[in-house]
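File shown here: protein31.csv, holding CSV, C-alpha atoms.
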chain,number,residue,atom,x,y,z
A,9,MET,CA,8.0,-12.0,-12.3
A,10,ALA,CA,5.7,-10.6,-14.9
A,11,PHE,CA,3.6,-7.8,-13.4
A,12,GLY,CA,0.0,-7.6,-14.6
A,13,LEU,CA,-0.1,-11.0,-16.3
A,14,LEU,CA,-2.5,-12.5,-13.8
A,15,GLU,CA,-5.3,-14.9,-14.7
A,16,LYS,CA,-8.8,-13.8,-13.9
A,17,LEU,CA,-9.5,-15.6,-10.6
A,18,GLY,CA,-13.1,-14.4,-10.1
A,19,GLU,CA,-14.6,-12.9,-6.9
A,20,ARG,CA,-13.3,-14.1,-3.6
A,21,THR,CA,-14.4,-13.5,0.0
A,22,VAL,CA,-12.2,-11.5,2.4
A,23,PRO,CA,-10.7,-14.5,4.2
A,24,SER,CA,-9.7,-16.2,1.0
A,25,VAL,CA,-8.0,-13.1,-0.4
A,26,PHE,CA,-6.1,-12.5,2.8
A,27,GLN,CA,-5.2,-16.2,3.2
A,28,ARG,CA,-3.9,-16.2,-0.4
A,29,VAL,CA,-1.8,-13.1,0.5
A,30,ALA,CA,-0.5,-14.7,3.7
A,31,LYS,CA,0.7,-17.8,1.7
A,32,MET,CA,2.7,-15.5,-0.7
A,33,THR,CA,4.9,-14.1,1.9
A,34,ALA,CA,6.6,-15.3,5.1
A,35,ASN,CA,6.3,-11.8,6.4
A,36,GLU,CA,3.6,-11.9,9.0
A,37,PRO,CA,2.6,-8.4,10.2
A,38,SER,CA,3.6,-9.3,13.7
A,39,GLU,CA,7.1,-10.1,12.4
A,40,PHE,CA,7.3,-7.1,10.2
A,41,PRO,CA,10.2,-4.6,11.0
A,42,ARG,CA,9.3,-2.4,14.0
A,43,THR,CA,12.0,0.1,13.3
A,44,GLY,CA,13.3,1.6,10.2
A,45,ARG,CA,11.4,3.5,7.5
A,46,LEU,CA,8.4,1.8,5.9
A,47,ALA,CA,7.0,2.8,2.5
A,48,GLY,CA,3.3,2.8,2.0
A,49,ILE,CA,2.1,2.1,-1.5
A,50,ASP,CA,-1.3,3.2,-2.8
A,51,PHE,CA,-1.4,1.1,-5.9
A,52,GLY,CA,-3.1,2.3,-9.0
A,53,THR,CA,-3.0,1.4,-12.7
A,54,VAL,CA,-2.2,5.0,-13.7
A,55,ARG,CA,-0.5,6.4,-10.6
A,56,ILE,CA,1.1,5.0,-7.4
A,57,GLY,CA,1.0,7.1,-4.3
A,58,VAL,CA,4.0,6.6,-2.0
A,59,ALA,CA,4.3,7.6,1.7
A,60,ILE,CA,7.1,6.9,4.1
A,61,THR,CA,7.4,6.7,7.9
A,62,ASP,CA,10.1,8.2,10.1
A,63,PRO,CA,12.7,5.7,11.3
A,64,GLU,CA,10.9,5.0,14.6
A,65,GLN,CA,7.6,4.3,12.7
A,66,LYS,CA,5.7,6.9,14.7
A,67,MET,CA,4.2,8.9,11.8
A,68,ALA,CA,3.7,8.7,8.1
A,69,SER,CA,4.3,11.5,5.6
A,70,PRO,CA,3.3,11.8,1.9
A,71,TYR,CA,6.3,11.2,-0.3
A,72,GLN,CA,5.6,11.2,-4.0
A,73,ILE,CA,3.3,10.2,-6.8
A,74,LEU,CA,4.8,7.8,-9.3
A,75,GLN,CA,3.2,8.1,-12.8
A,76,ARG,CA,3.0,4.6,-14.2
A,77,SER,CA,4.9,4.2,-17.4
A,78,ASN,CA,7.0,1.0,-17.6
A,79,LEU,CA,8.6,-1.4,-15.2
A,80,LEU,CA,12.1,-0.2,-15.8
A,81,THR,CA,11.2,3.3,-14.6
A,82,GLU,CA,9.3,1.9,-11.6
A,83,GLU,CA,12.2,-0.4,-10.8
A,84,SER,CA,14.6,2.5,-10.9
A,85,PHE,CA,12.3,4.6,-8.7
A,86,PHE,CA,11.9,1.9,-6.0
A,87,ARG,CA,15.6,1.0,-5.9
A,88,ARG,CA,16.4,4.7,-5.5
A,89,LEU,CA,13.7,5.0,-2.8
A,90,VAL,CA,15.0,2.1,-0.8
A,91,ARG,CA,18.6,3.3,-1.1
A,92,GLU,CA,18.1,7.0,-0.4
A,93,GLU,CA,15.4,6.7,2.3
A,94,ARG,CA,16.7,3.5,3.9
A,95,ILE,CA,13.4,1.7,3.5
A,96,SER,CA,13.1,-1.5,5.6
A,97,GLY,CA,9.7,-2.8,4.3
A,98,PHE,CA,6.6,-2.1,2.2
A,99,VAL,CA,3.0,-1.8,3.1
A,100,VAL,CA,0.9,-2.2,0.0
A,101,GLY,CA,-2.7,-1.2,0.0
A,102,LEU,CA,-5.1,-4.0,-0.9
A,103,PRO,CA,-8.1,-2.5,-2.6
A,104,VAL,CA,-11.2,-4.6,-1.9
A,105,HIS,CA,-14.8,-3.9,-2.5
A,106,LEU,CA,-16.9,-2.5,0.4
A,107,ASP,CA,-18.3,-6.0,1.0
A,108,GLY,CA,-14.8,-7.3,1.4
A,109,SER,CA,-14.6,-9.2,-1.9
A,110,SER,CA,-11.6,-8.9,-4.1
A,111,SER,CA,-11.4,-7.0,-7.3
A,112,HIS,CA,-9.2,-7.2,-10.4
A,113,VAL,CA,-7.2,-4.3,-8.9
A,114,SER,CA,-6.7,-6.4,-5.7
A,115,GLU,CA,-5.1,-9.1,-7.7
A,116,LEU,CA,-2.8,-6.5,-9.5
A,117,ALA,CA,-1.9,-5.0,-6.1
A,118,ILE,CA,-1.0,-8.4,-4.7
A,119,GLU,CA,1.2,-9.1,-7.8
A,120,TYR,CA,2.8,-5.7,-7.6
A,121,GLY,CA,3.7,-6.2,-3.9
A,122,LYS,CA,5.3,-9.6,-4.7
A,123,TRP,CA,7.3,-7.8,-7.5
A,124,LEU,CA,8.4,-5.1,-5.0
A,125,GLY,CA,9.6,-7.8,-2.6
A,126,VAL,CA,11.5,-9.7,-5.2
A,127,LEU,CA,13.0,-6.4,-6.6
A,128,THR,CA,14.2,-5.0,-3.3
A,129,GLY,CA,14.6,-8.1,-1.1
A,130,LEU,CA,12.5,-6.3,1.5
A,131,PRO,CA,9.5,-7.7,3.4
A,132,VAL,CA,6.0,-6.8,2.1
A,133,VAL,CA,2.7,-6.8,3.8
A,134,TRP,CA,-0.7,-6.0,2.4
A,135,PHE,CA,-3.2,-3.8,4.3
A,136,ASP,CA,-6.9,-3.2,3.6
A,137,GLU,CA,-7.1,0.2,2.0
A,138,ARG,CA,-10.9,0.7,2.0
A,139,PHE,CA,-11.8,4.3,2.5
A,140,THR,CA,-8.2,5.6,2.2
A,141,SER,CA,-8.9,7.6,-0.9
A,142,SER,CA,-12.2,9.0,0.5
A,143,ALA,CA,-10.4,10.0,3.7
A,144,ALA,CA,-7.6,11.7,1.6
A,145,GLU,CA,-10.2,13.5,-0.5
A,146,GLU,CA,-11.9,14.8,2.6
A,147,LEU,CA,-8.5,16.2,3.9
A,148,ILE,CA,-7.9,17.8,0.5
A,149,ARG,CA,-11.4,19.3,0.3
A,150,GLU,CA,-10.9,21.0,3.7
A,151,ALA,CA,-7.6,22.6,2.4
A,152,ASN,CA,-9.5,24.7,-0.2
A,153,LEU,CA,-7.1,23.8,-3.0
A,154,THR,CA,-7.8,24.0,-6.7
A,155,SER,CA,-9.0,20.8,-8.4
A,156,LYS,CA,-5.7,20.5,-10.2
A,157,LYS,CA,-3.7,20.7,-6.9
A,158,ARG,CA,-6.2,18.3,-5.2
A,159,LYS,CA,-5.6,15.7,-7.9
A,160,ALA,CA,-1.9,16.1,-7.7
A,161,LEU,CA,-2.0,15.3,-3.9
A,162,LEU,CA,-4.6,12.6,-3.7
A,163,ASP,CA,-2.6,9.5,-4.3
A,164,LYS,CA,0.3,10.3,-1.9
A,165,LEU,CA,-2.2,11.4,0.8
A,166,ALA,CA,-4.1,8.2,0.3
A,167,ALA,CA,-0.7,6.3,0.8
A,168,GLN,CA,-0.2,8.4,4.0
A,169,VAL,CA,-3.6,7.5,5.3
A,170,LEU,CA,-3.0,3.8,4.6
A,171,LEU,CA,0.4,3.8,6.2
A,172,THR,CA,-1.0,5.7,9.3
A,173,ALA,CA,-3.8,3.1,9.7
A,174,PHE,CA,-1.2,0.3,9.5
A,175,LEU,CA,1.0,2.0,12.1
A,176,GLU,CA,-2.0,2.5,14.4
A,177,ALA,CA,-3.2,-1.2,14.1
A,178,PRO,CA,-1.8,-3.6,16.7
A,179,ARG,CA,0.7,-5.7,14.9
A,180,ASP,CA,-0.2,-8.9,16.7
A,181,GLN,CA,-3.8,-8.6,15.5
A,182,LEU,CA,-3.0,-8.0,11.8
A,183,ARG,CA,-3.3,-11.6,10.7
A,184,THR,CA,-6.7,-10.7,9.4
A,185,ILE,CA,-6.1,-7.5,7.6
A,186,ARG,CA,-7.9,-4.5,9.1
A,187,GLY,CA,-8.5,-1.2,7.6
A,188,LEU,CA,-9.8,2.3,8.5
A,189,ASP,CA,-13.3,1.1,9.0
A,190,ASP,CA,-12.3,-1.4,11.6
A,191,ARG,CA,-10.3,0.9,13.9
A,192,ARG,CA,-11.6,1.6,17.4

Step by step, read the file and then write its structure as structure tokens.
Amino acid sequence: MAFGLLEKLGERTVPSVFQRVAKMTANEPSEFPRTGRLAGIDFGTVRIGVAITDPEQKMASPYQILQRSNLLTEESFFRRLVREERISGFVVGLPVHLDGSSSHVSELAIEYGKWLGVLTGLPVVWFDERFTSSAAEELIREANLTSKKRKALLDKLAAQVLLTAFLEAPRDQLRTIRGLDDRR
């Protein structure tokens, strides 16, 4: 599968983006592994934030920031992650606009999640990541860190916020992907 070689598909509404994602994978969120470590992926074109859960999926922790370079490096990173941390599935952040429409980066994140699934043989679900970066920025601001240290933490904290939101969402209600702004 060639990552990043997507056709421009134009703007889509939220339901059509999520319906398209649902057709790409047999992994319904309600059937997603309920035990074992999950890896949360905050996809970016320059960096990828990674967070992981504990084996009981009770809490998420920031793990690492992967600087994008080439697919061979990324393939090695994710194979090692799955092997060493015993990952049982991936939650990939789906970056949509505030109005819910898809973006070019949404399409890239979908393609990247598909690539991860093929690479590792593990189930992948996509989860709305609206507001994860702003929530992570707020946490970092409160920590009174230098701007250099804030930047170094941002992506893996955004992955942690994403993965925490996924863990807190009722799995049987995740057929329409819900994000931080929908939690009650």

>> Set the distance at 9 Å and use only C-alpha atoms: which residues neighbour Val113 in chain A once local chain neighbours fewer than 6 positions away are removed? I'd like the list as JSON, numbers by chain.
In response: {"A": [51, 52, 53, 102, 103, 104]}

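Compared by their closest atoms to Leu170 in chain A, and using only C-alpha atoms, the residues A:Asp136, A:Arg55, A:Glu150, A:Leu80 rank with A:Asp136 nearest.
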
>> Just the number, please: distance in Å from CA of Lys157 in chain A to CA of Glu82 in chain A, one decimal.
In response: 23.3 Å

>> Here is a test: counting all atoms listed in the file, which residue of A:Leu165, A:Leu46, A:Leu130, A:Val99 is nearest to Ala117 in chain A?
In response: A:Val99

> Separation of CA of Phe174 in chain A and CA of Asp50 in chain A, in Å?
Replying inline: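 Taking CA of Phe174 in chain A and CA of Asp50 in chain A, their separation equals 12.6 Å.
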
>> Between A:Val132, A:Leu175, A:Ile73, A:Leu89, which residue has the minimum interatomic distance to Leu162 in chain A, considering all atoms listed in the file?
In response: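 Smallest separation from Leu162 in chain A among the options: A:Ile73.
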
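Separating CA of Glu137 in chain A from CA of Arg88 in chain A is a distance of 25.1 Å.
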
> So which residues touch Leu124 in chain A within 12 Å, counting all atoms listed in the file, skipping near sequence neighbours fewer than 5 positions away, as a ChimeraX atom specification?
Replying inline: /A:9-11,33,47-49,51,79,82-87,89-90,95,97-100,117-119,129-134

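Of the listed residues A:Val169, A:Val58, A:Asn152, A:Gln65, the one whose atoms come nearest to Ser96 in chain A is A:Gln65, with distances taken using only C-alpha atoms.
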
>> Counting all atoms listed in the file, I want the residues whose atoms come within 8 Å of (-0.6, 12.6, 3.2) in the file frame, returned as number ranges by chain.
In response: A: 59, 68-71, 144, 161-162, 164-169

> When distances are computed from all atoms listed in the file, which of A:Met67, A:Asp62, A:Ser114, A:Val54 shows the smallest separation from Glu176 in chain A?
Replying inline: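 Under the stated criterion, the closest residue is A:Met67.
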
> Of the candidates A:Phe135, A:Trp123, A:Asp163, A:Ser109, which one gets nearest to Arg179 in chain A if we count all atoms listed in the file?
Replying inline: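 Comparing A:Phe135, A:Trp123, A:Asp163, A:Ser109 against Arg179 in chain A, the winner is A:Phe135.
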